[in-house]
Every structure is written in C-alpha cells, then in structure tokens.
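Have a look at the structure below before the remarks.
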Amino acid sequence: MSAPPFPRMQWVPGGQFRMGSDWADYPEEAPVHEVTVEGFWADETPVTVTQFRRFVKATGYVTVAERPMDPADYPDADPTRLVPSSLVFTPTQGPVDLTNWQGWWRLIPGANWAHPEGPGSGIDGRELHPVTHVSWEDVHAYAQWAGKELPTEAEWERAARGGLNGAPYAWGDQLAPMGTQLANYWIGEFPWQNLKPVADRRTTAVRSYPPNGYGLYDVTGNVWEWTADFYRTDHSETATHACCGPAVDPRVASAEGSHDPSNPAGTISRRVIKGGSHLCAENYCRRYRPAARQAQPVDSGMSHIGFRCIVRGSAPTH
C-alpha cells in the first residue's frame, strides 16, 4: 500500500454501511439508513495540542475563544460578559437536575486552547491530549493550513465504525467487554461522582486506548469531534427510500434549518459533532458511540470538543 498523503493517517475504505441508530432515547440518530461513501484518509487521532500549537506558531492564528465577542451577534447579552472566554466543565458537589446543563458548565473568561480551565491552567503535560476549546472557524482554518478537510458526518461515522457495520460501539456490541474500558468516558454518577484516577478525569493522551478496525484512535469518548455537516434534528434529510438505493456521500451543506429552535431570532448556525466525550456516562449522555451526534453552535468551543481531519481522493495503491 502506498504511503498516506501526510504522516499518521489511515485509509478508510469506501463502501456501504448502516448509519445512525434506533436507540429510543436518542431520536436525533434515527432513522438507521444505508449510506455509501468513497474511501479517504483520516487522521489516526484527534488533532493534538502539539499539532495545533504548531499551526498557531506558523500562522499567528487567534482562536475565537481568544477574541472579544461581537455585540451585534448577541443583542440580548450583558456587554460585560462579551469578553474572550469559553465553556469549561465544572463538577458539582452532589446530584443535580440532569436536564439543566448550566449546572456543570461555566463560561470562564480566559479559557481557551492554551488555558483549558482558564487563567492559571496550561498545556504542559497535555501536549499529546486532543486540543479543545476550538470553534468551527478554528478547525476549518487549521484544516486549510494543513492541506486537509473536515469529514462529513457520514464519512466520520464510517471511519469511527472501523468496519463493524451496525455495532453500537466502535469495538463491538458490549460497552466494556470482559470489564475492560475501551474509551475515555465517565465512570460513576455524572456530574458529581467520578471514580477514575484524578489524572484521567478530563481528556487523556491520544492512543491511550486501542484503535478501531481502521487503525483510528479515540473515535468515541475523550472529545466530541466537529464535522462539516450542518445539523438537522434527525437523518431524514439524507436518508433515501429503499427503492432509490443508499445515499452516496451524503452531506448537509445548507445552514438553513440548523439554528436553535428555542432561539428563533438567533443568527448562529449549528454543525454536527460526533462520538461523545470523557463526560459521557451511563446515567447521562450515553453517546460514546459512532452513531452519536449533537448540535454545536459554530461560534463556540468547549472543554470537551476537538476534531480530526481527512484527505479525499488519493486512494492507496499496492
């Protein structure tokens, strides 16, 4: 097989697979539908702090979290809060209402990719962790600089499944086969009781867990990953009827309809993030799965969102 176009990339073969899930608690993953994608190269891991720091040093790029927010984009916001900031997970002291995410997320001034928990925190010792606090604009800028692209949702899910068509997890049918944890997700009662060692309670270094069938690491758990698709509440837009055959390289390229319905006047579009993070738990957000998906406003990054890139159109030769 020929070498990948860039180091530390793996070939994801094209083909047909079952996308989505029928898990009752997650209607946004439905319907399960057949999809065909062309083959592509994918980064072995999420982009790391070291890789992103190289990009920043080479270009002088300033991330969205490091810039003051434009009051025109947030007409109802307190102007004093429109300072460089990002959302940081903060565990609670005890059980809380799991329907209110504001109970464990804090908007921290000064939090960004180089200061993951805000001023006073840093990235020493996290060089091989996934970079976080990156918005859509940030990851798109990185991909362009690197000569790569962001995957569509279908491409991302094809890669994450690792050839296990229809399996709920990236490694098979059981969450923890033989009691073995195979991804970085929450152990204990979210968001207050974390039973993992202190050093493992946030992101972990890439390659800390085994790769999937395509040689890709951290495809579920650790960090959510950005995709190129705009968000829809389910897969009905890209699923096709059986008579028409599977969708081929489907993508949602229009921002129309991606906005938060609870804020009809909002101007911020949303894209799909995939795969869950270290904050997913059995009692909350069981999204450490290839089919898992959420909407993420394009202007925001958080302490559990990263990304990986792909390269299309350069199939390996033997």
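Identifiers in this document derive from the order of the structure tokens: chains are assigned A, B, ..., residues are numbered from 1 separately in each chain, and ligands are numbered from 1 in order of occurrence.
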
*Any idea what's packed within 10 Å of Ser236 of chain A, counting only C-alpha atoms, ignoring anything in its chain fewer than 3 positions away? Could you give it as JSON, numbers by chain?*
{"A": [28, 29, 30, 31, 32, 33, 232, 233, 239, 240, 241]}

Taking only C-alpha atoms into account, produce a table as JSON lines in which each residue of segment 74-171 of chain A with an atom at most 12 Å from an atom of segment 245-248 of chain A appears once, together with its shortest atom pair and the distance in Å to one decimal, ordered by chain and rising number.
{"residue": "A:Thr152", "atom": "CA", "partner": "A:Val248", "partner_atom": "CA", "distance": 11.9}
{"residue": "A:Ala154", "atom": "CA", "partner": "A:Val248", "partner_atom": "CA", "distance": 9.4}
{"residue": "A:Glu155", "atom": "CA", "partner": "A:Val248", "partner_atom": "CA", "distance": 10.6}

Please produce an output containing N, CA, C and O atoms for each residue in the selection, written as a PDB file, in the first residue's frame.
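What landed in out_16.pdb:
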ATOM      1  N   THR A 152     -17.402  14.880   6.443  1.00  0.00           N
ATOM      2  CA  THR A 152     -18.844  14.958   6.599  1.00  0.00           C
ATOM      3  C   THR A 152     -19.252  14.039   7.752  1.00  0.00           C
ATOM      4  O   THR A 152     -18.463  13.203   8.208  1.00  0.00           O
ATOM      5  N   ALA A 154     -21.292  11.541   7.537  1.00  0.00           N
ATOM      6  CA  ALA A 154     -21.274  10.165   7.040  1.00  0.00           C
ATOM      7  C   ALA A 154     -19.852   9.621   6.988  1.00  0.00           C
ATOM      8  O   ALA A 154     -19.598   8.466   7.361  1.00  0.00           O
ATOM      9  N   GLU A 155     -18.901  10.430   6.515  1.00  0.00           N
ATOM     10  CA  GLU A 155     -17.516   9.988   6.483  1.00  0.00           C
ATOM     11  C   GLU A 155     -17.001   9.724   7.894  1.00  0.00           C
ATOM     12  O   GLU A 155     -16.324   8.718   8.135  1.00  0.00           O
TER      13      GLU A 155
END

*Atomic separation - atom CA of Glu157 of chain A relative to atom CA of Tyr209 of chain A, Å*: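 Going from atom CA of Tyr209 of chain A over to atom CA of Glu157 of chain A, I get 18.6 Å.
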
_Env of Trp11 of chain A: 7 Å cut, atoms = only C-alpha atoms, seq-sep filter 2 positions within chain, self excluded. Answer as a PyMOL selection string._
chain A and resi 9+13+40-42

Same residues, N, CA, C and O atoms, output as a PDB file, in the first residue's frame:
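In the end it all went to part26.pdb:
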ATOM      1  N   MET A   9      -1.766   9.065   9.163  1.00  0.00           N
ATOM      2  CA  MET A   9      -3.120   8.961   8.629  1.00  0.00           C
ATOM      3  C   MET A   9      -3.376   7.512   8.237  1.00  0.00           C
ATOM      4  O   MET A   9      -2.446   6.779   7.894  1.00  0.00           O
ATOM      5  N   PRO A  13     -11.611   2.585   3.904  1.00  0.00           N
ATOM      6  CA  PRO A  13     -12.114   2.128   2.614  1.00  0.00           C
ATOM      7  C   PRO A  13     -13.537   2.588   2.366  1.00  0.00           C
ATOM      8  O   PRO A  13     -14.352   2.674   3.291  1.00  0.00           O
ATOM      9  N   PHE A  40     -11.231   7.381   1.899  1.00  0.00           N
ATOM     10  CA  PHE A  40     -10.477   8.594   2.219  1.00  0.00           C
ATOM     11  C   PHE A  40      -9.441   8.270   3.290  1.00  0.00           C
ATOM     12  O   PHE A  40      -9.506   7.231   3.952  1.00  0.00           O
ATOM     13  N   TRP A  41      -8.502   9.162   3.455  1.00  0.00           N
ATOM     14  CA  TRP A  41      -7.521   9.070   4.534  1.00  0.00           C
ATOM     15  C   TRP A  41      -8.032   9.863   5.738  1.00  0.00           C
ATOM     16  O   TRP A  41      -8.585  10.952   5.574  1.00  0.00           O
ATOM     17  N   ALA A  42      -7.832   9.347   6.934  1.00  0.00           N
ATOM     18  CA  ALA A  42      -8.254  10.032   8.155  1.00  0.00           C
ATOM     19  C   ALA A  42      -7.094  10.113   9.134  1.00  0.00           C
ATOM     20  O   ALA A  42      -6.272   9.191   9.229  1.00  0.00           O
TER      21      ALA A  42
END

*Please identify all polymer residues within 12 Å of Trp105 of chain A, counting only C-alpha atoms, omitting same-chain residues fewer than 4 positions from it, and present them as a VMD selection string.*
chain A and resid 86 to 92 98 100 to 101 117 191 279 302 to 304

*Run DSSP on the backbone and grab whatever in segment 26-83 of chain A lands in alpha helix (DSSP H); send it over as a ChimeraX atom specification.*
/A:49-59

For N, CA, C and O atoms, I'd like the residues from the last selection saved as a CSV table (one decimal), in the first residue's frame.
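Result went into selection-v2.csv, see below:
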chain,number,residue,atom,x,y,z
A,49,VAL,N,-2.8,19.0,21.0
A,49,VAL,CA,-2.3,20.3,21.4
A,49,VAL,C,-1.0,20.6,20.7
A,49,VAL,O,-0.8,21.8,20.2
A,50,THR,N,-0.1,19.7,20.6
A,50,THR,CA,1.2,20.0,19.9
A,50,THR,C,1.0,20.3,18.5
A,50,THR,O,1.6,21.3,18.0
A,51,GLN,N,0.1,19.6,17.8
A,51,GLN,CA,-0.2,19.9,16.4
A,51,GLN,C,-0.8,21.3,16.2
A,51,GLN,O,-0.5,22.1,15.3
A,52,PHE,N,-1.8,21.6,17.1
A,52,PHE,CA,-2.5,22.9,17.0
A,52,PHE,C,-1.5,24.0,17.4
A,52,PHE,O,-1.6,25.1,16.7
A,53,ARG,N,-0.7,23.8,18.3
A,53,ARG,CA,0.3,24.8,18.7
A,53,ARG,C,1.3,25.1,17.5
A,53,ARG,O,1.6,26.3,17.3
A,54,ARG,N,1.6,24.1,16.8
A,54,ARG,CA,2.5,24.3,15.6
A,54,ARG,C,1.8,25.2,14.6
A,54,ARG,O,2.4,26.1,14.0
A,55,PHE,N,0.5,25.0,14.4
A,55,PHE,CA,-0.3,25.8,13.5
A,55,PHE,C,-0.3,27.3,14.0
A,55,PHE,O,-0.2,28.2,13.2
A,56,VAL,N,-0.6,27.5,15.2
A,56,VAL,CA,-0.7,28.8,15.8
A,56,VAL,C,0.7,29.5,15.6
A,56,VAL,O,0.7,30.7,15.2
A,57,LYS,N,1.8,28.8,15.9
A,57,LYS,CA,3.1,29.5,15.8
A,57,LYS,C,3.4,29.8,14.3
A,57,LYS,O,4.0,30.8,14.0
A,58,ALA,N,3.0,29.0,13.4
A,58,ALA,CA,3.3,29.2,12.0
A,58,ALA,C,2.5,30.3,11.4
A,58,ALA,O,2.9,31.0,10.5
A,59,THR,N,1.3,30.5,11.9
A,59,THR,CA,0.3,31.5,11.3
A,59,THR,C,0.0,32.7,12.1
A,59,THR,O,-0.5,33.7,11.6

*For Ser85 of chain A, list every protein, DNA or RNA residue within 6 Å, evaluated using only C-alpha atoms, and leave out those in the same chain fewer than 6 positions away; present the list as a VMD selection string.*
chain A and resid 65 108 to 111

_Using only C-alpha atoms, which protein or nucleic acid residues come within 12 Å of Glu189 of chain A? Drop anything in the same chain fewer than 2 positions from it, and give the result as a VMD selection string._
chain A and resid 91 to 96 98 185 to 187 191 to 196 279 to 285

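Closest to Ser135 of chain A among A:Thr80, A:Thr36, A:Asn184, A:Asn112 is A:Asn112, based on only C-alpha atoms.
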